[in-house]
Structure formats: structure tokens, C-alpha cells
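Structure file final_7.cif (mmCIF, C-alpha atoms) follows.
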```cif
data_start
loop_
_atom_site.label_atom_id
_atom_site.label_comp_id
_atom_site.auth_asym_id
_atom_site.auth_seq_id
_atom_site.Cartn_x
_atom_site.Cartn_y
_atom_site.Cartn_z
CA MET P 1043 17.81 -8.02 5.80
CA GLY P 1044 19.58 -4.88 4.63
CA ASP P 1045 18.50 -1.26 4.96
CA ARG P 1046 19.45 1.67 2.75
CA VAL P 1047 18.16 5.04 1.60
CA ILE P 1048 17.59 5.98 -2.05
CA ASN P 1049 16.57 9.57 -2.84
CA GLY P 1050 15.29 9.97 0.72
CA LEU P 1051 13.28 6.74 0.51
CA ALA P 1052 14.07 4.24 3.28
CA ILE P 1053 14.25 0.71 1.89
CA ARG P 1054 14.57 -2.72 3.49
CA GLU P 1055 15.67 -5.64 1.33
CA TRP P 1056 15.21 -9.26 2.37
CA GLY P 1057 15.70 -12.59 0.67
CA ASP P 1058 18.41 -14.00 -1.57
CA SER P 1059 20.28 -11.19 -3.36
CA ALA P 1060 20.44 -13.34 -6.52
CA ARG P 1061 16.65 -13.54 -6.81
CA THR P 1062 14.32 -11.28 -8.77
CA GLY P 1063 13.52 -8.08 -6.89
CA ILE P 1064 9.92 -7.04 -6.20
CA LEU P 1065 9.24 -3.48 -5.00
CA LEU P 1066 6.73 -3.50 -2.12
CA TRP P 1067 4.87 -0.23 -1.41
CA PRO P 1068 2.51 -0.14 1.62
CA GLY P 1069 -0.55 1.99 2.25
CA LEU P 1070 -1.27 5.22 4.12
CA GLY P 1071 0.36 5.46 7.54
CA SER P 1072 2.12 2.15 7.05
CA SER P 1073 5.79 1.20 6.83
CA ARG P 1074 8.09 -1.28 5.14
CA ALA P 1075 7.49 -3.65 8.08
CA TYR P 1076 4.00 -4.21 6.66
CA PHE P 1077 5.39 -6.86 4.29
CA ASP P 1078 7.66 -8.66 6.77
CA SER P 1079 5.04 -11.34 7.48
CA ILE P 1080 5.12 -12.65 3.88
CA ALA P 1081 8.91 -13.02 3.82
CA PRO P 1082 8.88 -16.73 4.82
CA PHE P 1083 6.60 -17.55 1.88
CA PHE P 1084 8.09 -15.21 -0.75
CA PRO P 1085 10.59 -16.77 -3.20
CA PHE P 1086 11.56 -13.36 -4.58
CA ARG P 1087 13.81 -10.68 -3.12
CA GLY P 1088 11.57 -8.25 -1.26
CA VAL P 1089 12.37 -4.54 -1.58
CA ALA P 1090 10.02 -2.88 0.90
CA VAL P 1091 9.80 0.91 1.29
CA ASP P 1092 8.68 3.44 3.85
CA PRO P 1093 6.50 5.86 1.82
CA PRO P 1094 7.59 9.52 2.00
CA GLY P 1095 6.79 11.00 5.42
CA SER P 1096 6.34 7.53 6.95
CA GLY P 1097 8.79 5.46 8.96
CA SER P 1098 12.34 6.58 8.18
CA SER P 1099 11.61 8.20 4.79
CA ALA P 1100 11.84 11.94 4.31
CA PRO P 1101 8.61 13.75 3.43
CA LEU P 1102 8.07 15.16 -0.07
CA ASP P 1103 7.39 18.86 -0.56
CA PRO P 1104 5.48 19.21 -2.74
CA CYS P 1105 4.03 15.70 -2.68
CA THR P 1106 2.55 14.86 -6.08
CA SER P 1107 1.64 11.66 -7.85
CA GLU P 1108 4.37 12.26 -10.42
CA ARG P 1109 7.05 12.60 -7.73
CA LEU P 1110 5.79 9.51 -5.88
CA VAL P 1111 5.87 7.44 -9.06
CA GLY P 1112 9.29 8.85 -9.89
CA LEU P 1113 10.64 7.77 -6.50
CA ALA P 1114 9.19 4.30 -6.97
CA ARG P 1115 10.67 3.96 -10.46
CA ALA P 1116 14.09 5.12 -9.23
CA ALA P 1117 13.99 2.63 -6.35
CA ALA P 1118 12.95 -0.17 -8.70
CA GLU P 1119 15.82 0.62 -11.07
CA ALA P 1120 18.41 0.99 -8.30
CA CYS P 1121 17.40 -2.31 -6.69
CA GLY P 1122 16.90 -4.29 -9.88
CA CYS P 1123 13.16 -4.84 -9.36
CA ARG P 1124 11.06 -6.36 -12.13
CA ALA P 1125 7.62 -5.89 -10.55
CA ILE P 1126 5.81 -3.82 -7.94
CA VAL P 1127 3.20 -4.75 -5.33
CA GLY P 1128 1.21 -1.86 -3.89
CA HIS P 1129 -1.34 -2.06 -1.08
CA SER P 1130 -4.23 0.36 -0.59
CA LEU P 1131 -2.94 3.88 -1.30
CA GLY P 1132 0.30 2.24 -2.44
CA SER P 1133 -1.70 0.76 -5.31
CA TYR P 1134 -1.99 4.24 -6.82
CA VAL P 1135 1.81 4.44 -6.93
CA ALA P 1136 2.05 0.90 -8.30
CA MET P 1137 -0.41 1.73 -11.07
CA GLY P 1138 1.63 4.82 -11.95
CA VAL P 1139 4.76 2.68 -12.30
CA ALA P 1140 2.82 0.17 -14.42
CA ALA P 1141 1.88 3.04 -16.73
CA ASP P 1142 5.52 4.18 -17.02
CA PRO P 1143 7.58 1.08 -16.26
CA PRO P 1144 11.39 1.00 -16.09
CA ALA P 1145 13.24 -1.12 -18.63
CA GLY P 1146 12.84 -4.84 -17.94
CA PHE P 1147 9.80 -4.32 -15.73
CA GLY P 1148 7.28 -7.12 -16.12
CA ALA P 1149 4.20 -6.76 -13.90
CA ALA P 1150 2.28 -4.99 -11.14
CA VAL P 1151 -0.03 -6.13 -8.35
CA LEU P 1152 -2.60 -3.76 -6.85
CA ILE P 1153 -4.03 -4.91 -3.50
CA ASP P 1154 -7.40 -3.43 -2.57
CA GLY P 1155 -6.74 0.12 -3.69
CA GLY P 1156 -9.73 2.46 -3.35
CA PHE P 1157 -9.26 3.98 -6.82
CA ARG P 1158 -11.89 6.57 -6.11
CA ALA P 1159 -12.14 10.02 -7.58
CA PRO P 1160 -11.64 12.88 -5.09
CA ASP P 1161 -15.40 13.49 -4.94
CA ASP P 1162 -15.94 9.82 -4.05
CA TYR P 1163 -13.73 10.22 -0.97
CA ALA P 1164 -15.77 13.24 0.06
CA GLU P 1165 -18.95 11.15 -0.14
CA LEU P 1166 -17.35 8.70 2.30
CA GLY P 1167 -16.66 11.51 4.75
CA MET P 1168 -12.96 12.04 3.97
CA PRO P 1169 -12.62 15.72 2.94
CA VAL P 1170 -9.93 15.44 0.27
CA THR P 1171 -11.57 18.23 -1.74
CA SER P 1172 -11.96 20.66 1.16
CA GLY P 1173 -8.36 21.78 1.50
CA ARG P 1174 -5.31 20.46 3.28
CA ALA P 1175 -6.11 22.00 6.67
CA GLU P 1176 -9.51 20.34 6.88
CA LEU P 1177 -8.10 16.99 5.78
CA VAL P 1178 -5.35 17.20 8.43
CA ALA P 1179 -7.99 17.94 11.08
CA TRP P 1180 -10.08 14.98 9.91
CA LEU P 1181 -7.11 12.62 10.02
CA GLU P 1182 -6.20 13.82 13.53
CA ALA P 1183 -9.77 13.32 14.72
CA ASN P 1184 -9.94 9.82 13.23
CA ALA P 1185 -6.49 8.61 14.31
CA LEU P 1186 -6.50 5.24 16.09
CA ARG P 1187 -5.75 5.25 19.82
CA PHE P 1188 -5.64 2.41 22.34
CA ALA P 1189 -5.27 2.20 26.10
CA ASP P 1190 -2.30 -0.21 25.94
CA TRP P 1191 -0.40 -2.54 23.63
CA ASP P 1192 -2.47 -5.64 24.39
CA THR P 1193 -5.64 -3.75 23.53
CA ALA P 1194 -4.05 -2.46 20.34
CA PHE P 1195 -2.97 -5.94 19.25
CA ARG P 1196 -6.36 -7.49 20.03
CA GLU P 1197 -8.56 -4.79 18.49
CA LEU P 1198 -6.43 -4.30 15.39
CA ALA P 1199 -6.35 -8.05 14.77
CA THR P 1200 -10.14 -8.06 14.97
CA MET P 1201 -10.32 -5.13 12.55
CA ILE P 1202 -8.23 -6.91 9.92
CA GLY P 1203 -9.85 -10.30 10.45
CA GLY P 1204 -6.59 -11.95 11.45
CA GLU P 1205 -4.73 -13.28 14.46
CA VAL P 1206 -2.19 -11.82 16.88
CA THR P 1207 1.15 -13.32 15.84
CA PRO P 1208 4.73 -12.26 16.64
CA ALA P 1209 5.06 -10.76 13.16
CA PHE P 1210 1.80 -8.86 13.58
CA GLU P 1211 2.88 -7.50 16.98
CA ALA P 1212 6.24 -6.41 15.54
CA TYR P 1213 4.49 -4.55 12.73
CA ILE P 1214 2.07 -2.80 15.09
CA ARG P 1215 4.97 -1.67 17.28
CA ASP P 1216 6.61 -0.27 14.16
CA VAL P 1217 3.68 1.94 13.16
CA PHE P 1218 2.34 2.81 16.63
CA ALA P 1219 4.04 4.38 19.64
CA GLU P 1220 3.24 4.81 23.32
CA THR P 1221 2.59 8.51 23.97
CA ASP P 1222 1.06 10.20 27.01
CA GLY P 1223 -0.25 6.90 28.35
CA GLU P 1224 -1.84 5.83 25.05
CA VAL P 1225 -0.79 3.75 22.06
CA ARG P 1226 -1.12 6.02 19.02
CA GLU P 1227 -0.26 5.98 15.33
CA ARG P 1228 3.27 7.24 14.64
CA ALA P 1229 2.36 8.80 11.29
CA ARG P 1230 1.79 12.55 11.47
CA ALA P 1231 -1.56 13.70 10.16
CA ASP P 1232 -0.05 16.51 8.07
CA ARG P 1233 2.33 14.17 6.30
CA MET P 1234 -0.40 11.62 5.71
CA ALA P 1235 -2.60 14.35 4.25
CA ASP P 1236 0.18 15.29 1.82
CA LEU P 1237 0.64 11.65 0.81
CA LEU P 1238 -3.09 11.16 0.33
CA LEU P 1239 -3.54 14.34 -1.69
CA GLY P 1240 -0.44 13.53 -3.74
CA SER P 1241 -1.74 10.08 -4.59
CA VAL P 1242 -5.28 10.99 -5.63
CA ASP P 1243 -4.49 14.15 -7.62
CA HIS P 1244 -4.71 12.40 -10.97
CA ASP P 1245 -7.32 10.72 -13.15
CA VAL P 1246 -7.23 7.09 -11.98
CA ARG P 1247 -9.09 5.77 -14.99
CA ALA P 1248 -6.74 7.54 -17.40
CA ARG P 1249 -3.74 6.07 -15.62
CA ALA P 1250 -5.33 2.61 -15.76
CA GLU P 1251 -5.86 3.02 -19.49
CA ALA P 1252 -2.15 3.87 -19.80
CA ILE P 1253 -0.91 0.68 -18.11
CA LYS P 1254 1.78 -1.06 -20.18
CA VAL P 1255 2.47 -4.27 -18.21
CA PRO P 1256 0.22 -7.11 -16.97
CA THR P 1257 -1.45 -5.98 -13.76
CA LEU P 1258 -3.30 -8.02 -11.15
CA LEU P 1259 -6.03 -6.14 -9.27
CA ILE P 1260 -6.85 -7.95 -6.01
CA ALA P 1261 -10.17 -6.87 -4.52
CA CYS P 1262 -11.16 -7.89 -0.99
CA GLY P 1263 -14.75 -8.95 -0.38
CA ASN P 1264 -15.00 -7.47 3.13
CA PRO P 1265 -16.39 -5.38 4.73
CA ARG P 1266 -19.78 -6.32 3.35
CA GLU P 1267 -21.43 -3.04 4.26
CA THR P 1268 -19.34 -1.15 1.68
CA ARG P 1269 -19.17 -3.95 -0.88
CA GLU P 1270 -21.56 -2.42 -3.43
CA THR P 1271 -19.67 0.87 -3.69
CA ARG P 1272 -16.26 -0.78 -3.79
CA GLU P 1273 -17.30 -3.38 -6.35
CA ARG P 1274 -18.53 -0.66 -8.68
CA THR P 1275 -15.14 1.05 -8.38
CA TRP P 1276 -12.95 -2.01 -8.92
CA THR P 1277 -15.10 -3.22 -11.82
CA ARG P 1278 -14.82 0.15 -13.54
CA LEU P 1279 -11.05 0.13 -13.11
CA ALA P 1280 -10.64 -3.44 -14.43
CA GLU P 1281 -12.68 -2.54 -17.51
CA SER P 1282 -10.29 0.35 -18.27
CA SER P 1283 -7.50 -1.87 -19.63
CA PRO P 1284 -7.19 -5.35 -21.14
CA LEU P 1285 -3.93 -5.68 -19.18
CA ILE P 1286 -5.75 -5.59 -15.83
CA GLU P 1287 -6.85 -8.93 -14.41
CA LEU P 1288 -9.40 -8.67 -11.59
CA ARG P 1289 -9.41 -11.22 -8.79
CA VAL P 1290 -11.94 -10.92 -5.96
CA VAL P 1291 -11.16 -12.80 -2.73
CA GLU P 1292 -14.39 -12.91 -0.78
CA SER P 1293 -12.91 -13.91 2.59
CA TRP P 1294 -10.27 -11.18 2.74
CA HIS P 1295 -10.57 -7.85 4.49
CA HIS P 1296 -8.59 -4.76 3.47
CA ASN P 1297 -5.26 -6.06 4.82
CA PRO P 1298 -4.73 -9.60 3.45
CA ILE P 1299 -0.97 -9.30 3.97
CA LEU P 1300 -1.65 -9.20 7.72
CA GLN P 1301 -4.81 -11.30 7.75
CA ASP P 1302 -3.52 -14.20 5.66
CA PRO P 1303 0.19 -13.74 4.88
CA GLU P 1304 0.70 -17.23 3.47
CA GLY P 1305 -2.40 -17.08 1.27
CA ALA P 1306 -1.66 -13.54 0.13
CA SER P 1307 1.92 -14.45 -0.72
CA ARG P 1308 0.81 -17.54 -2.65
CA THR P 1309 -1.70 -15.51 -4.67
CA ILE P 1310 0.90 -12.89 -5.57
CA VAL P 1311 3.69 -15.40 -6.30
CA ASP P 1312 1.56 -17.73 -8.40
CA TRP P 1313 0.45 -14.83 -10.58
CA LEU P 1314 3.83 -13.07 -10.83
CA THR P 1315 6.04 -16.09 -11.51
CA PRO P 1316 5.04 -16.79 -15.15
CA ARG P 1317 5.19 -13.07 -15.96
CA LEU P 1318 8.76 -12.42 -14.83
#
```

In C-alpha cells, write the structure found in this file.
Amino acid sequence: MGDRVINGLAIREWGDSARTGILLWPGLGSSRAYFDSIAPFFPFRGVAVDPPGSGSSAPLDPCTSERLVGLARAAAEACGCRAIVGHSLGSYVAMGVAADPPAGFGAAVLIDGGFRAPDDYAELGMPVTSGRAELVAWLEANALRFADWDTAFRELATMIGGEVTPAFEAYIRDVFAETDGEVRERARADRMADLLLGSVDHDVRARAEAIKVPTLLIACGNPRETRETRERTWTRLAESSPLIELRVVESWHHNPILQDPEGASRTIVDWLTPRL
């Protein structure tokens, strides 16, 4: 592995330097370590980033969708990447790159992005339309906390529908820290609020319509209790462009990279390979 910083964005590269580079952008509060578990199954060169304000990356001020996409494009160009994989909130960035791809860019993969309008988030209880201060307070109130590391590993593995493995434990230690006798998320609520607001401040459907490269939209079937709302959202997005291919994996929860790293890698690789 090799680490470097490009325009304030901390990047970790792994795999054979002669192989095709794939930019890997994780979700809210996550870090480049999120993708480490797929490395053994990934025949490409992984170029994983810490999003601005997360891990070792500097925060953006102001944080806007255009600046996030610009950072991703610059990283892709500097590292010779020909595709991008974005998870959750990272899918918004990936879709922005797919709509304005660098030269030689061939494809994008969007893993279980919400792709909701700001009002949709409000309906789910996340106050993205109520101002930054209220969103920061909500994120602080809803931050995950655990009594100890073993509890964190066990409960988080249950939440994602996966198992506690060495790679999973290493990732959790990367994005959580022991503070005041508790295991808490490292990501600061104010920086996560900026990243969230910066990602959802555009018309998702319009950006989907602007996509210029083949794009795989992976939708996860779980949790079942929110399936109807999420299915309506991912179906609407897939119908926005003939370049978007929708694939629903019923057994996956929101974090297939952690839940099923081998299966997630195979799905991504099998789809990307003929397009690069």
C-alpha cells in the first residue's frame, strides 16, 4: 500500500501499480479503510480516499457538490483511474464524476446511495432542510457509542449483517476511537453535516440524466422495513438514464463491502471488466 495527499485529499493505493486504477469513495463518516476488505479479491489497483473532513483529509469550506466532484475528478486523473466506485453518500460524488468524466474514464458503480431529495431526508427524520446547526445537533444525538471494543465489533457486525473478521475489526478501529470510557465515532458532527449538505445540494435526477458513462446502480434489499421507500427512489433514478443499469441484491444490507467483501468485489469486477 502507498499513501499520499492530493489537493488535501488523503489517498491510499493498493494493488499492482501496472493495473487499471479504480477510485473508491466511501460513505458518510467512513474512511479509505472501508475498502480494505475487498483488496484480496480485487484485480484492479484500488485508489481509496478519505472524504473531506474524514480520516486524514482536510475539510472543505465551503463544501459543495461541485467541489467534491472536482476533488474526485482531480484524484482520478492524478492516479490514472478509469472508473469510480462510490458507496452510500459517496455514490452522489461518483454520479457527479460519471456526469463529467475525465478523459479515458469508462464507468461508475453506485452502491446503495439514498438518492433522495432534501425533503425526503426530512421525512426520514434527518433535518437537512432545517439549517446546519440543527443537522449538527441531530448527528451528535444520533452518533453511535459503545461500552467497549468487543461490544462495538459485535453490534456493528449485527447491524451490517456480516461477521467479525480481522479486516472488519481493523476498519472499525479506523473510524471509531476510545474516548472518556466509550467507543465513539471519530468523525466530527459538524464536518459530517457539511459533507452531507454538500452532497445533497443538487438535483439528483438531473445529474443522473447527465451521466455520460455506463453506470451500475447496486441496490440492497435490506432492511425490509424501508424497502418500499428505497425501491421507489432507486427505480426512479434508474429510469432517468439509459446508461444506468439497476441490480438489486436481496440478501445485502447497506454495507455489502463489509457484509460480503468477496461477493461485493465479484459483482463490481464482473461488471467493470468488460467496460474498461

Open item on the list: I'd like to see the residues matched by the PyMOL selection byres ((chain P and resi 1049-1053) around 7) on this file, and ideally I'd get them as a list of chain:residue names.
Closed with: P:Asp1045, P:Arg1046, P:Val1047, P:Ile1048, P:Arg1054, P:Glu1055, P:Val1089, P:Ala1090, P:Val1091, P:Asp1092, P:Pro1093, P:Pro1094, P:Ser1098, P:Ser1099, P:Ala1100

Would you kindly translate the PyMOL selection byres ((chain P and resi 1236) around 9) into the concrete residues it picks from this file, as a short mmCIF file (atom, residue, chain, number, x, y, z; two decimals) with C-alpha atoms, keeping the file's coordinate frame?
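Contents of expr-v4.cif, as written:
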```
data_model
loop_
_atom_site.label_atom_id
_atom_site.label_comp_id
_atom_site.auth_asym_id
_atom_site.auth_seq_id
_atom_site.Cartn_x
_atom_site.Cartn_y
_atom_site.Cartn_z
CA GLY P 1095 6.79 11.00 5.42
CA PRO P 1101 8.61 13.75 3.43
CA LEU P 1102 8.07 15.16 -0.07
CA ASP P 1103 7.39 18.86 -0.56
CA PRO P 1104 5.48 19.21 -2.74
CA CYS P 1105 4.03 15.70 -2.68
CA THR P 1106 2.55 14.86 -6.08
CA ARG P 1174 -5.31 20.46 3.28
CA VAL P 1178 -5.35 17.20 8.43
CA ALA P 1231 -1.56 13.70 10.16
CA ASP P 1232 -0.05 16.51 8.07
CA ARG P 1233 2.33 14.17 6.30
CA MET P 1234 -0.40 11.62 5.71
CA ALA P 1235 -2.60 14.35 4.25
CA LEU P 1237 0.64 11.65 0.81
CA LEU P 1238 -3.09 11.16 0.33
CA LEU P 1239 -3.54 14.34 -1.69
CA GLY P 1240 -0.44 13.53 -3.74
CA SER P 1241 -1.74 10.08 -4.59
#
```

Closest atom pairs, residues of region 1270-1298 of chain P within 10 Å of region 1126-1139 of chain P, all atoms listed in the file, as a tab-separated table:
```
residue	atom	partner	partner_atom	distance
P:His1296	CA	P:Ser1130	CA	7.9
P:Asn1297	CA	P:His1129	CA	8.1
P:Pro1298	CA	P:His1129	CA	9.4
```

- [ ] Within 10 Å of region 1244-1256 of chain P, counting only C-alpha atoms, which residues show up once you throw out same-chain ones fewer than 5 positions away? Write them as number ranges by chain, please.
- [x] P: 1106-1108, 1125, 1134, 1137-1143, 1147-1151, 1157-1160, 1239, 1278-1287, 1314, 1317

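The closest residue to Arg1269 (chain P), picked from P:Ala1306, P:Gly1156, P:Gly1069, P:Phe1218 and counting only C-alpha atoms, is P:Gly1156.
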
Thr1271 (chain P) surroundings by all atoms listed in the file, 12 Å radius, close-in-sequence under 3 positions cut, as a short mmCIF file (atom, residue, chain, number, x, y, z; two decimals) with C-alpha atoms, keeping the file's coordinate frame:
```cif
data_model
loop_
_atom_site.label_atom_id
_atom_site.label_comp_id
_atom_site.auth_asym_id
_atom_site.auth_seq_id
_atom_site.Cartn_x
_atom_site.Cartn_y
_atom_site.Cartn_z
CA GLY P 1156 -9.73 2.46 -3.35
CA PHE P 1157 -9.26 3.98 -6.82
CA ARG P 1158 -11.89 6.57 -6.11
CA ASP P 1162 -15.94 9.82 -4.05
CA TYR P 1163 -13.73 10.22 -0.97
CA GLU P 1165 -18.95 11.15 -0.14
CA LEU P 1166 -17.35 8.70 2.30
CA GLY P 1263 -14.75 -8.95 -0.38
CA ASN P 1264 -15.00 -7.47 3.13
CA PRO P 1265 -16.39 -5.38 4.73
CA ARG P 1266 -19.78 -6.32 3.35
CA GLU P 1267 -21.43 -3.04 4.26
CA THR P 1268 -19.34 -1.15 1.68
CA ARG P 1274 -18.53 -0.66 -8.68
CA THR P 1275 -15.14 1.05 -8.38
CA TRP P 1276 -12.95 -2.01 -8.92
CA THR P 1277 -15.10 -3.22 -11.82
CA ARG P 1278 -14.82 0.15 -13.54
#
```

Open item on the list: Between P:Ala1179, P:Arg1272, P:Val1311, P:Pro1068, which residue has the minimum interatomic distance to Arg1087 (chain P), considering only C-alpha atoms?
Closed with: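 The closest residue to Arg1087 (chain P) is P:Val1311.
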
Open item on the list: Could you tell me how far CA of Asp1078 (chain P) sits from CA of Arg1115 (chain P), in Å to one decimal place?
Closed with: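 Interatomic distance, CA of Arg1115 (chain P) to CA of Asp1078 (chain P): 21.6 Å.
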
- [ ] To one decimal in Å, tell me the separation between CA of Thr1309 (chain P) and CA of Arg1215 (chain P).
- [x]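 Separating CA of Thr1309 (chain P) from CA of Arg1215 (chain P) is a distance of 26.8 Å.
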
TODO: Counting all atoms listed in the file, figure out which residue out of P:Gly1097, P:Gly1167, P:Gly1146, P:Gly1155 gets nearest to Cys1262 (chain P).
DONE: P:Gly1155

- [ ] Determine the residue membership of the PyMOL selection byres ((chain P and resi 1259) around 7) for the file above and supply it as a VMD selection string.
- [x] chain P and resid 1151 to 1153 1257 to 1258 1260 to 1261 1286 to 1289

- [ ] Just the residues within 9 Å of Thr1062 (chain P), please, counting all atoms listed in the file, with nothing from its chain fewer than 5 positions along; format it as a VMD selection string.
- [x] chain P and resid 1085 to 1088 1122 to 1125 1318

- [ ] Give me, please, the distance in Å between CA of Trp1056 (chain P) and CA of Leu1070 (chain P), quoted to one decimal.
- [x]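 Pair CA of Trp1056 (chain P) / CA of Leu1070 (chain P) returns 22.0 Å.
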
TODO: Name the closest residue to Ala1081 (chain P) among the candidates P:Gly1057, P:Gly1223, P:Gly1305, P:Pro1144; distances are taken between atoms, counting only C-alpha atoms.
DONE: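 Closest candidate: P:Gly1057.
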
Task: Selected residue of minimal separation from Ile1080 (chain P) among P:Ala1175, P:Ile1064, P:Ile1299, P:Ile1310, counting only C-alpha atoms - done: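 When distances to Ile1080 (chain P) are compared using only C-alpha atoms, the smallest one comes from P:Ile1299.
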